[in-house]
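One structure is given below, encoded as structure tokens.
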Amino acid sequence: MLQTRSCGRHAGCWRPPARLKAVASLKTSETVAAPVESFPSSGELWVELLHSGGAAPISRGDEVELHYACLLARSACCMDSSRSKPCSRREPMRVEVGSGRVVEGMDRGLCQLGLGDLARIHVPARLGYGDELAGPIPPGSALVFEVEVVRVNGAACAGLPTPLLRQLLTLPAMPPPLRAITSPLVHAEAARTAAAAAAACCRGSTCACGAAVLLRSPTRQSPSASGRSDPSPRARSPFASVSS
């Protein structure tokens with residue numbers, strides 16, 4: 001993976017300035033800056049849901065396309081991003097879930113998401129690259145993957161508007177759970193931010209900017225008897241099913 005710097009133009013790699021705290025020296029009166037852990041790690045895999053597309057969870061073997069950014073949990077430094085990768089078309093990454101193409105933690109985290117979901121997948125070092133050096137990623141690094149699922153098998157979605165996407169991705173991280181969990185935690189502040197943005201930007205569900213989709217409650221569709229989510233479209237939703 002290639003290291004990318006924050007550019008402020010692409011939603012996937014835009015990062016606010018690193019937070020610093022003042023630490024007083026015990027020997028002198030000088031004050032030095034020490035980095036604050038941007039994404040505290042609990043040592044367990046967990047998923048922080050910023051927006052739900054309302055679809056059934058992804059299963060192993062599904063063909064998925066997603067935009068992603070790989071961040072170091074400690075510093076929030078962006079190591080790789082599909083939206084700002086140099087010498088590329090900056091298209092979504094295509095992966096078969098469970099194939100081993102991505103690290104184990106990301107594979108397992110994707111199985112908690114569905115079409116249209118925007119989330120942070122918090123991956124402990126043991127489910128990432130472990131004690132190995134992976135390009136610019138130091139050994140023993142906990143990772144955070146910011147992912148937006150835009151296609152699952154034959155179904156696709158338009159994705160969230162870039163300004164709203166940035167607002168959601170720059171929200172402070174939730175405290176990590178105290179124990180291992182197998183379902184995503186809904187970010188309450190994300191729902192309030194989305195509602196405020198939609199109310200300020202548009203009038204109801206007819207706005208062409210797509211902000212109204214963020215007002216949808218973060219619930220899942222129940223799988224049908226065939227194992228697929230309900231294909232019936234929602235009224236005035238920017239999401240649409242696309243035949244493969």
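Numbering starts fresh at 1 for the residues of each chain in the structure tokens, the chains themselves are lettered A, B, ... in the order given, and ligands are numbered from 1 as they appear.
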Exercise for the section: Please run DSSP on the backbone and report, as a list in words, all residues within range 75-183 of chain A that come out as alpha helix (DSSP H). Expected result: Glu104, Gly105, Met106, Asp107, Arg108, Gly109, Leu110, Thr162, Pro163, Leu164, Leu165, Arg166, Gln167, Leu168 and Leu169 of chain A
Handout entry: 12 Å contact set for range 131-140 of chain A, only C-alpha atoms, chain neighbours under 6 positions out, as an MDAnalysis selection string
Key = chainID A and resid 1:4 43 70:80 103 123:125
Handout entry: Near-Val147 in chain A list (8 Å; only C-alpha atoms; drop same-chain fewer than 6 positions) as a VMD selection string
Key = chain A and resid 66 to 69 117 to 121
Using only all heavy atoms, please write the residues we just selected to a file, as a PDB file, in the first residue's frame.
ATOM      1  N   LEU A  66     -16.256  -1.373  -2.578  1.00  0.00           N
ATOM      2  CA  LEU A  66     -16.296  -0.394  -1.486  1.00  0.00           C
ATOM      3  C   LEU A  66     -15.190   0.630  -1.625  1.00  0.00           C
ATOM      4  O   LEU A  66     -14.118   0.349  -2.155  1.00  0.00           O
ATOM      5  CB  LEU A  66     -16.182  -1.107  -0.141  1.00  0.00           C
ATOM      6  CG  LEU A  66     -14.986  -2.051   0.060  1.00  0.00           C
ATOM      7  CD1 LEU A  66     -13.806  -1.334   0.697  1.00  0.00           C
ATOM      8  CD2 LEU A  66     -15.387  -3.234   0.901  1.00  0.00           C
ATOM      9  N   HIS A  67     -15.489   1.827  -1.152  1.00  0.00           N
ATOM     10  CA  HIS A  67     -14.442   2.831  -0.967  1.00  0.00           C
ATOM     11  C   HIS A  67     -13.903   2.655   0.449  1.00  0.00           C
ATOM     12  O   HIS A  67     -14.653   2.343   1.382  1.00  0.00           O
ATOM     13  CB  HIS A  67     -15.001   4.242  -1.143  1.00  0.00           C
ATOM     14  CG  HIS A  67     -15.090   4.673  -2.569  1.00  0.00           C
ATOM     15  ND1 HIS A  67     -13.975   4.832  -3.353  1.00  0.00           N
ATOM     16  CD2 HIS A  67     -16.166   4.976  -3.344  1.00  0.00           C
ATOM     17  CE1 HIS A  67     -14.341   5.232  -4.574  1.00  0.00           C
ATOM     18  NE2 HIS A  67     -15.667   5.323  -4.591  1.00  0.00           N
ATOM     19  N   TYR A  68     -12.611   2.837   0.613  1.00  0.00           N
ATOM     20  CA  TYR A  68     -12.002   2.606   1.918  1.00  0.00           C
ATOM     21  C   TYR A  68     -10.866   3.588   2.149  1.00  0.00           C
ATOM     22  O   TYR A  68     -10.294   4.170   1.223  1.00  0.00           O
ATOM     23  CB  TYR A  68     -11.455   1.172   2.017  1.00  0.00           C
ATOM     24  CG  TYR A  68     -10.197   0.976   1.202  1.00  0.00           C
ATOM     25  CD1 TYR A  68      -8.930   1.138   1.773  1.00  0.00           C
ATOM     26  CD2 TYR A  68     -10.257   0.688  -0.154  1.00  0.00           C
ATOM     27  CE1 TYR A  68      -7.776   1.002   1.026  1.00  0.00           C
ATOM     28  CE2 TYR A  68      -9.106   0.553  -0.913  1.00  0.00           C
ATOM     29  CZ  TYR A  68      -7.878   0.707  -0.323  1.00  0.00           C
ATOM     30  OH  TYR A  68      -6.729   0.593  -1.079  1.00  0.00           O
ATOM     31  N   ALA A  69     -10.551   3.758   3.421  1.00  0.00           N
ATOM     32  CA  ALA A  69      -9.329   4.440   3.843  1.00  0.00           C
ATOM     33  C   ALA A  69      -8.770   3.658   5.017  1.00  0.00           C
ATOM     34  O   ALA A  69      -9.516   3.257   5.913  1.00  0.00           O
ATOM     35  CB  ALA A  69      -9.604   5.885   4.244  1.00  0.00           C
ATOM     36  N   ASP A 117     -23.910   1.025   3.599  1.00  0.00           N
ATOM     37  CA  ASP A 117     -23.419   1.352   4.938  1.00  0.00           C
ATOM     38  C   ASP A 117     -22.118   2.145   4.873  1.00  0.00           C
ATOM     39  O   ASP A 117     -21.262   1.900   4.023  1.00  0.00           O
ATOM     40  CB  ASP A 117     -23.175   0.083   5.756  1.00  0.00           C
ATOM     41  CG  ASP A 117     -24.470  -0.551   6.246  1.00  0.00           C
ATOM     42  OD1 ASP A 117     -25.545  -0.002   5.944  1.00  0.00           O
ATOM     43  OD2 ASP A 117     -24.403  -1.596   6.908  1.00  0.00           O
ATOM     44  N   LEU A 118     -21.987   3.074   5.797  1.00  0.00           N
ATOM     45  CA  LEU A 118     -20.737   3.805   6.027  1.00  0.00           C
ATOM     46  C   LEU A 118     -20.310   3.501   7.453  1.00  0.00           C
ATOM     47  O   LEU A 118     -21.096   3.667   8.387  1.00  0.00           O
ATOM     48  CB  LEU A 118     -20.946   5.313   5.843  1.00  0.00           C
ATOM     49  CG  LEU A 118     -19.746   6.208   6.172  1.00  0.00           C
ATOM     50  CD1 LEU A 118     -18.625   6.021   5.155  1.00  0.00           C
ATOM     51  CD2 LEU A 118     -20.174   7.680   6.229  1.00  0.00           C
ATOM     52  N   ALA A 119     -19.074   3.036   7.626  1.00  0.00           N
ATOM     53  CA  ALA A 119     -18.664   2.581   8.961  1.00  0.00           C
ATOM     54  C   ALA A 119     -17.168   2.690   9.144  1.00  0.00           C
ATOM     55  O   ALA A 119     -16.407   2.846   8.181  1.00  0.00           O
ATOM     56  CB  ALA A 119     -19.113   1.138   9.185  1.00  0.00           C
ATOM     57  N   ARG A 120     -16.773   2.624  10.404  1.00  0.00           N
ATOM     58  CA  ARG A 120     -15.363   2.436  10.763  1.00  0.00           C
ATOM     59  C   ARG A 120     -15.215   1.021  11.312  1.00  0.00           C
ATOM     60  O   ARG A 120     -15.920   0.638  12.241  1.00  0.00           O
ATOM     61  CB  ARG A 120     -14.918   3.438  11.830  1.00  0.00           C
ATOM     62  CG  ARG A 120     -14.956   4.901  11.421  1.00  0.00           C
ATOM     63  CD  ARG A 120     -14.364   5.754  12.535  1.00  0.00           C
ATOM     64  NE  ARG A 120     -14.450   7.184  12.264  1.00  0.00           N
ATOM     65  CZ  ARG A 120     -15.142   8.043  12.995  1.00  0.00           C
ATOM     66  NH1 ARG A 120     -15.794   7.599  14.063  1.00  0.00           N
ATOM     67  NH2 ARG A 120     -15.194   9.316  12.695  1.00  0.00           N
ATOM     68  N   ILE A 121     -14.286   0.271  10.746  1.00  0.00           N
ATOM     69  CA  ILE A 121     -13.988  -1.071  11.245  1.00  0.00           C
ATOM     70  C   ILE A 121     -12.703  -0.974  12.061  1.00  0.00           C
ATOM     71  O   ILE A 121     -11.634  -0.696  11.518  1.00  0.00           O
ATOM     72  CB  ILE A 121     -13.826  -2.083  10.096  1.00  0.00           C
ATOM     73  CG1 ILE A 121     -15.084  -2.111   9.223  1.00  0.00           C
ATOM     74  CG2 ILE A 121     -13.531  -3.475  10.647  1.00  0.00           C
ATOM     75  CD1 ILE A 121     -14.975  -3.034   8.014  1.00  0.00           C
TER      76      ILE A 121
END
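Nearest to Glu148 in chain A of all the residues A:Gly61, A:Gly53, A:Pro86, A:Gly128 is A:Gly53, counting only C-alpha atoms.
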Practice task
Calculate how many Å separate CA of Asp62 in chain A from CA of Val152 in chain A, rounding to one decimal.
Solution key: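 Atom-to-atom, CA of Asp62 in chain A and CA of Val152 in chain A are spaced 6.7 Å apart.
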